[in-house]
Structure formats: structure tokens, C-alpha cells
Amino acid sequence: MATKLDGAASSHVPRSKAQKLKHALLKADLAFVMEAHNGLSAKVVEEAGFEGIWASGLAMSAALGVRDNNEASWTQVLEQLEFMADATQIPILVDGDTGYGNFNNVRRLVKKLCQRGIAGVCIEDKLFPKTNSFIGEGQPLADIDEFAGRIKAGKDSQEDADFQLIARVEALISGWGMDEALRRAEAYHAAGADGILIHSKKADADEILTFSREWAGRAPLVIVPTMYYATPTGAFRDAGVSLVIWANHNLRAALSAMRETSRRIMEEQSLTSVEGEVASVKEIFQIVGQSELAAAEARYLKPKGGDFKCIILAASRGSALGPLTERLPKCMLDIRGQPLLRRLVTTLNEGGLSDISVVRGYRKEMIDLANIRVIDNEAFAANGEAASLECAAEQLDGACVLSYGDILFRPYILENLLDSSGDITAVIDARWRGAGHRAAERTVDLAVCSRPFTGDYLDEEPVWLNAVHSTGETDAEIGEPSGEFIGLIKLSAAGALTVRQELATMKREGVLDETDLPALLNRLIARGEQIETLYVTGHWLDVDDVFDLAKARNLV
């Protein structure tokens with residue numbers, strides 16, 4: 001009799017994949033494994049919660065575009081299995097066909113499977129090359145003693161003591177009858193098989209259930225109810241079946257879906273009707289673990305922003321947003337499920353900036369994001385941006401990025417900013433007059449630069465910032481605007497020291513409270529500091545009113 005695990009024994013947590021498969025075969029409850037044929041489908045099976053994966057020979061062959069007649073070599077199958085095993089943590093039971101030859105082929109197969117972390121293999125008592133069991137009638141079977149030799153060779157060759165070898169009995173499929181099926185199952189069990197897979201292609205499960213009664217639990221029993229799918233699963237539990245294999249339904253589902261999608265795209269010559277019905281590219285990135293790579297890059301690669309701190313100025317309410325900011329600052333307004341500030345911090349993190357300080361003021365208790373340093377400007381209602389920056393002056397002790405707390409921008413802008421060579425670099429949008437970018441009556445910070453944007457990205461000659469002024473100013477001496485200051489600045493270590501010293505000077509002079517960031521830039525220019533311009537052409541926005549809020553939600 002096969003020893004089923006009782007409650008106490010089953011409380012032992014299996015650690016290796018082979019132990020997990022062994023546990024599934026021996027535990028009291030019925031276990032289920034699901035077909036997969038490559039790394040992606042294996043991940044889908046694991047995501048669904050199955051206890052294991054059935055690496056179907058039919059499915060893997062079909063996925064390669066060949067027949068289930070050993071047309072795919074065992075090394076090609078092994079390559080697919082390696083991807084599947086690397087992609088998942090649940091055990092894989094391989095459809096090993098006939099073992100790809102005699103006892104010697106089985107020995108090498110089992111060794112290679114163990115080396116790749118495969119939990120078990122199922123081999124069937126037919127002749128090599130095999131023919132799929134559902135094709136034709138009366139397929140010839142292997143000699144019992146010869147097949148038992150394959151099983152012994154496999155068990156003697158396993159390098160993992162918990163590796164499971166399942167013997168698949170084809171006597172019922174081939175019309176050899178119940179007595180022959182039982183005789184073969186007993187011989188294979190005696191040869192060392194860890195379980196017996198009894199197969200049938202009848203539309204009902206009568207002969208499977210009869211076999212189970214006659215077998216009487218001498219070893220774990222595995223079934224594949226592809227043909228007798230209408231049988232209630234409870235009948236298998238009552239019969240003492242150990243493991244059910246759902247053998248090919250992922251492949252069949254994929255084939256149906258691919259045919260229908262391809263047909264519709266061909267007929268309609270458009271993606272419009274199918275785009276909402278297929279998995280998004282984002283879902284593909286998620287299931288293959290793109291986020292893990294990003295985390296690994298952050299750990300093992302030194303990002304460009306790794307030497308930079310960041311200071312975000314987010315003390316203001318945003319009164320133009322009216323009731324939306326009565327209970328929270330505008331930097332915490334929802335932008336498609338995330339606060340504006342969280343989206344800004346995420347962009348900075350992805351650019352390599354992890355040491356981030358946020359200067360808060362209005363409704364400061366609402367700014368409580370993880371992985372940021374908060375600095376309070378208690379007098380935010382009576383002062384401006386320069387005073388907020390001075391609150392974080394201690395953070396100006398090395399290379400730093402300064403940012404408004406209500407802006408969003410494409411990642412490339414940060415990447416280019418960090419690549420800039422100047423000690424102080426300001427980002428200027430050369431498309432500030434662009435249609436829809438700004439309403440004519442809105443006040444913006446206009447930048448006058450040493451020369452306008454040319455669009456020549458090969459031009460390495462630096463462009464200098466001459467002044468920043470508001471659209472409300474009319475001084476003719478200021479000059480023609482070159483673009484809009486977006487509220488993003490890079491400081492080298494020397495540039496950060498310069499800004500820190502200027503803030504201290506302004507505090508002594510008593511002008512700090514009424515100074516904004518553009519005015520600070522103008523003071524630095526007046527004292528002879530060269531401020532480099534980084535031109536961009538859109539791909540950013542700031543949130544000042546409800547129209548900007550709508551644009552922000554479209555941007556992300």
C-alpha cells in the first residue's frame with residue numbers, strides 16, 4: 001500500500017521542488033497540476049495557484065510547430081524545461097514520452113532533469129519514437145521487463161533523492177484490457193516507480209475508476225481526464241486518485257485566442273476592436289518580472305543620479321485649485337490613483353535619485369510618503385520658494401537637484417539634466433508658446449537665454465541663462481523670451497555651495513521671504529554666476545488649476 005501522509009506528517013513543509021511534487025503525490029488531499037509549454041505559460045500556471053506544472057510533450061511539440069512524434073529532440077525539450085524551471089518556484093512533472101530510447105537514454109534524461117531542478121518525469125510503456133495516444137488504435141506496447149529496466153535505470157540515475165518517476169500505463173488506451181493494465185502497473189511499481197499514471201481515451205471514467213478500485217492504493221495514482229472531462233472531480237477524490245493532470249488546455253486556449261485575434265486584425269486592418277480584449281504590454285512586463293530587473297539595476301548598477309540628492313519644494317497650497325486643496329496640498333492631489341508627489345518621486349527614483357527631501361508647509365501632515373525626508377517650513381504662508389529652500393539648506397552639501405513639487409516630466413528630461421556639465425543648470429521649455437501648452441492669460445516664468453533653441457542636438461556649445469522674468473513684467477531691457485523655466489535645476493557640489501551661500505546672504509539682507517526661485521537665479525546671474533540652459537520641447541507640465549490636473553492625468 002502507498003503510504004499517504006497524515007495530518008502531522010503533511011505539516012512538514014517541503015523545500016525543494018522535488019519534495020513539493022512528492023508531497024503532492026503522497027498527501028491525503030487530491031492535487032492538481034496544469035499544462036504549460038514554455039516559460040510564460042509556466043508563470044501563468046504558478047500565478048493561478050496550481051501545485052505543479054505538467055510539461056506536456058504534445059504542448060511543447062506543438063509550440064515548436066512539430067508533431068507529437070518525438071520530432072522535437074529531447075535536448076530541445078530540455079531547453080524549454082530549463083526556461084520553465086527558472087521562471088517558477090513550483091514543481092514541474094515532465095511528460096518524458098517513452099524516455100527517448102532505451103534504459104541508457106532514460107539514465108541520461110533523468111540526470112539532466114535533476115541538474116535543471118525538474119521535480120519528476122513520467123515515461124510511458126510504448127515504443128520509441130512514440131505516437132500520441134489519441135492517434136489510431138492498438139498501438140504496440142513495450143515489453144514489460146524492458147520497460148521495467150528503464151524505470152530501474154532512471155531511479156538508479158537520479159541525483160536528487162526526492163525526484164519522482166511516474167510510470168504511465170497505456171494498456172487501456174491500446175485495448176489490452178484491465179488485467180494487463182494492472183499487471184503492468186504492478187511490475188512498474190516493483191521496479192521502483194514512485195507512482196502510476198493510468199490513461200484512457202474513453203468519454204467516461206468507468207475504466208479509470210475500476211482500475212483505481214483494483215489498484216487499491218498500492219502506489220500514488222495519477223490520471224489525465226482529457227477525454228472524460230465531464231466526470232465530477234469528487235469521483236476522483238472518492239476513488240483515491242492522488243494527482244490530476246489538466247494536460248493541454250493552456251495550449252488549446254492560446255491557439256483559439258491567437259487564431260481569433262489574427263483573423264480580426266487581418267479582416268479589420270486595425271487594432272481598435274482587439275486592443276481592449278488582449279493582455280496589455282504592462283501585464284507582460286509584470287509577469288516576466290521587469291520590476292525585479294529594475295530593482296537589481298538599482299542595487300548593482302551605479303545610476304547617473306546616485307551621487308545626487310534632491311530637494312522638492314512643496315510647501316504651498318495651490319489656491320487656484322479652490323476646494324480641491326482645502327484639505328490637502330496640491331502636491332498630494334490624485335493623478336490616476338497616485339498622489340502627484342508620489343509620481344514625481346517615482347520618476348526621480350527611476351533616474352537614480354533616492355535621497356529626497358520634501359519641504360512641506362500647508363497641510364503638512366498629509367505629506368507622509370515612504371522613503372522621503374520631510375522638512376517643515378512653518379512660515380510657509382508668509383514666505384516663498386527661497387525660504388523653503390533655505391529650510392533644507394543642510395541638504396545642499398553636495399550635488400543636488402531642485403524641483404517644484406507640482407511638476408511632472410518625462411524621465412529623459414532628468415537623464416539629460418544629470419548629464420549636463422554646468423555647475424548650475426536650469427531646464428527651459430523652448431515650446432512655451434505651443435498650442436494648448438499655456439493659456440495666454442496665465443503667468444509663467446519666462447527665460448531669456450544667450451541664444452534661442454535651434455533644434456540641433458549635435459550643437460555642443462553651451463547656452464547660458466541671462467534672466468528669468470514673469471509674463472507680467474514689461475521691462476524692454478529684459479529681451480525676447482527663449483522659453484519657460486519649468487522649475488527644475490541641477491546643482492553640482494560647487495553649485496550647491498554657491499546657492500547655499502546666496503541663501504545665507506539673502507537671509508542677512510532680510511529679503512529671503514519674498515524671493516522665489518526665478519529671483520534667486522537672477523541674483524546668482526547678477527553676481528556673475530554662469531547658469532547653463534537645458535532646452536526641452538514639452539513633455540512636462542505643472543499643476544496650477546483644474547485644467548492642468550486633467551492634463552496631468554492624460555500625461556501619465
# chains A, B, ... in the order shown; residues from 1 in each chain; ligands from 1
call {"tool": "select_by_dssp", "arguments": {"residues": "segment 24-209 of chain A", "states": "strand (DSSP E)", "output": "PyMOL selection string"}}
result
chain A and resi 31-36+52-55+92-95+120-124+164-169+195-198
call {"tool": "residues_around", "arguments": {"residues": "segment 271-280 of chain A", "least_positions_apart": "4", "cutoff": "12 Å", "atoms": "only C-alpha atoms", "output": "list of chain:residue names"}}
result
A:Ala254, A:Ala257, A:Met258, A:Glu260, A:Thr261, A:Ser262, A:Arg263, A:Arg264, A:Ile265, A:Met266, A:Glu267, A:Ile284, A:Phe285, A:Gln286, A:Ile287
call {"tool": "closest_residue", "arguments": {"among": "A:Leu446, A:Ala386, A:Ile489, A:Gly398", "to": "Asn416 of chain A", "atoms": "only C-alpha atoms"}}
result
A:Ile489
call {"tool": "select_by_dssp", "arguments": {"residues": "segment 314-358 of chain A", "states": "helix (DSSP H, G or I)", "output": "MDAnalysis selection string"}}
result
chainID A and resid 319:325 330:332 340:350
call {"tool": "residues_around", "arguments": {"residues": "segment 500-514 of chain A", "least_positions_apart": "6", "cutoff": "6 Å", "atoms": "only C-alpha atoms", "output": "list in words"}}
result
Asn383, Gly384 and Ala387 of chain A
call {"tool": "write_last_selection", "arguments": {"atoms": "N, CA, C and O atoms", "output": "CSV table (one decimal), in the first residue's frame"}}
result
chain,number,residue,atom,x,y,z
A,383,ASN,N,6.0,83.3,3.4
A,383,ASN,CA,7.3,83.4,2.7
A,383,ASN,C,7.1,82.6,1.4
A,383,ASN,O,6.0,82.1,1.0
A,384,GLY,N,8.2,82.4,0.6
A,384,GLY,CA,8.1,81.8,-0.7
A,384,GLY,C,9.1,80.7,-0.9
A,384,GLY,O,9.6,80.1,0.1
A,387,ALA,N,12.7,80.8,0.8
A,387,ALA,CA,12.7,80.5,2.2
A,387,ALA,C,12.5,79.0,2.4
A,387,ALA,O,13.1,78.4,3.3
call {"tool": "closest_residue", "arguments": {"among": "A:Pro232, A:Arg108, A:Val288, A:Asp97", "to": "Glu170 of chain A", "atoms": "only C-alpha atoms"}}
result
A:Asp97
call {"tool": "closest_residue", "arguments": {"among": "A:Pro225, A:Ala315, A:Gly455, A:Gly352", "to": "Glu297 of chain A", "atoms": "only C-alpha atoms"}}
result
A:Gly352
call {"tool": "residues_around", "arguments": {"residues": "Trp464 of chain A", "least_positions_apart": "6", "cutoff": "8 Å", "atoms": "only C-alpha atoms", "output": "list in words"}}
result
Cys449, Ser450, Arg451, Gln530, Ile531, Glu532 and Thr533 of chain A
call {"tool": "residues_around", "arguments": {"residues": "Val444 of chain A", "least_positions_apart": "6", "cutoff": "8 Å", "atoms": "only C-alpha atoms", "output": "PyMOL selection string"}}
result
chain A and resi 470-471+484
call {"tool": "residues_around", "arguments": {"residues": "segment 399-407 of chain A", "least_positions_apart": "3", "cutoff": "8 Å", "atoms": "only C-alpha atoms", "output": "JSON, numbers by chain"}}
result
{"A": [307, 308, 309, 310, 311, 312, 313, 314, 330, 331, 340, 341, 344, 396, 486, 487, 488, 489, 490, 491, 492, 493, 494, 495, 496, 540, 541, 542, 543, 544]}
call {"tool": "closest_residue", "arguments": {"among": "A:Ser482, A:Thr231, A:Thr226, A:Thr537", "to": "Ala247 of chain A", "atoms": "only C-alpha atoms"}}
result
A:Thr226
call {"tool": "closest_residue", "arguments": {"among": "A:Val448, A:Ala31, A:Phe83, A:Asn377", "to": "Ala393 of chain A", "atoms": "only C-alpha atoms"}}
result
A:Asn377
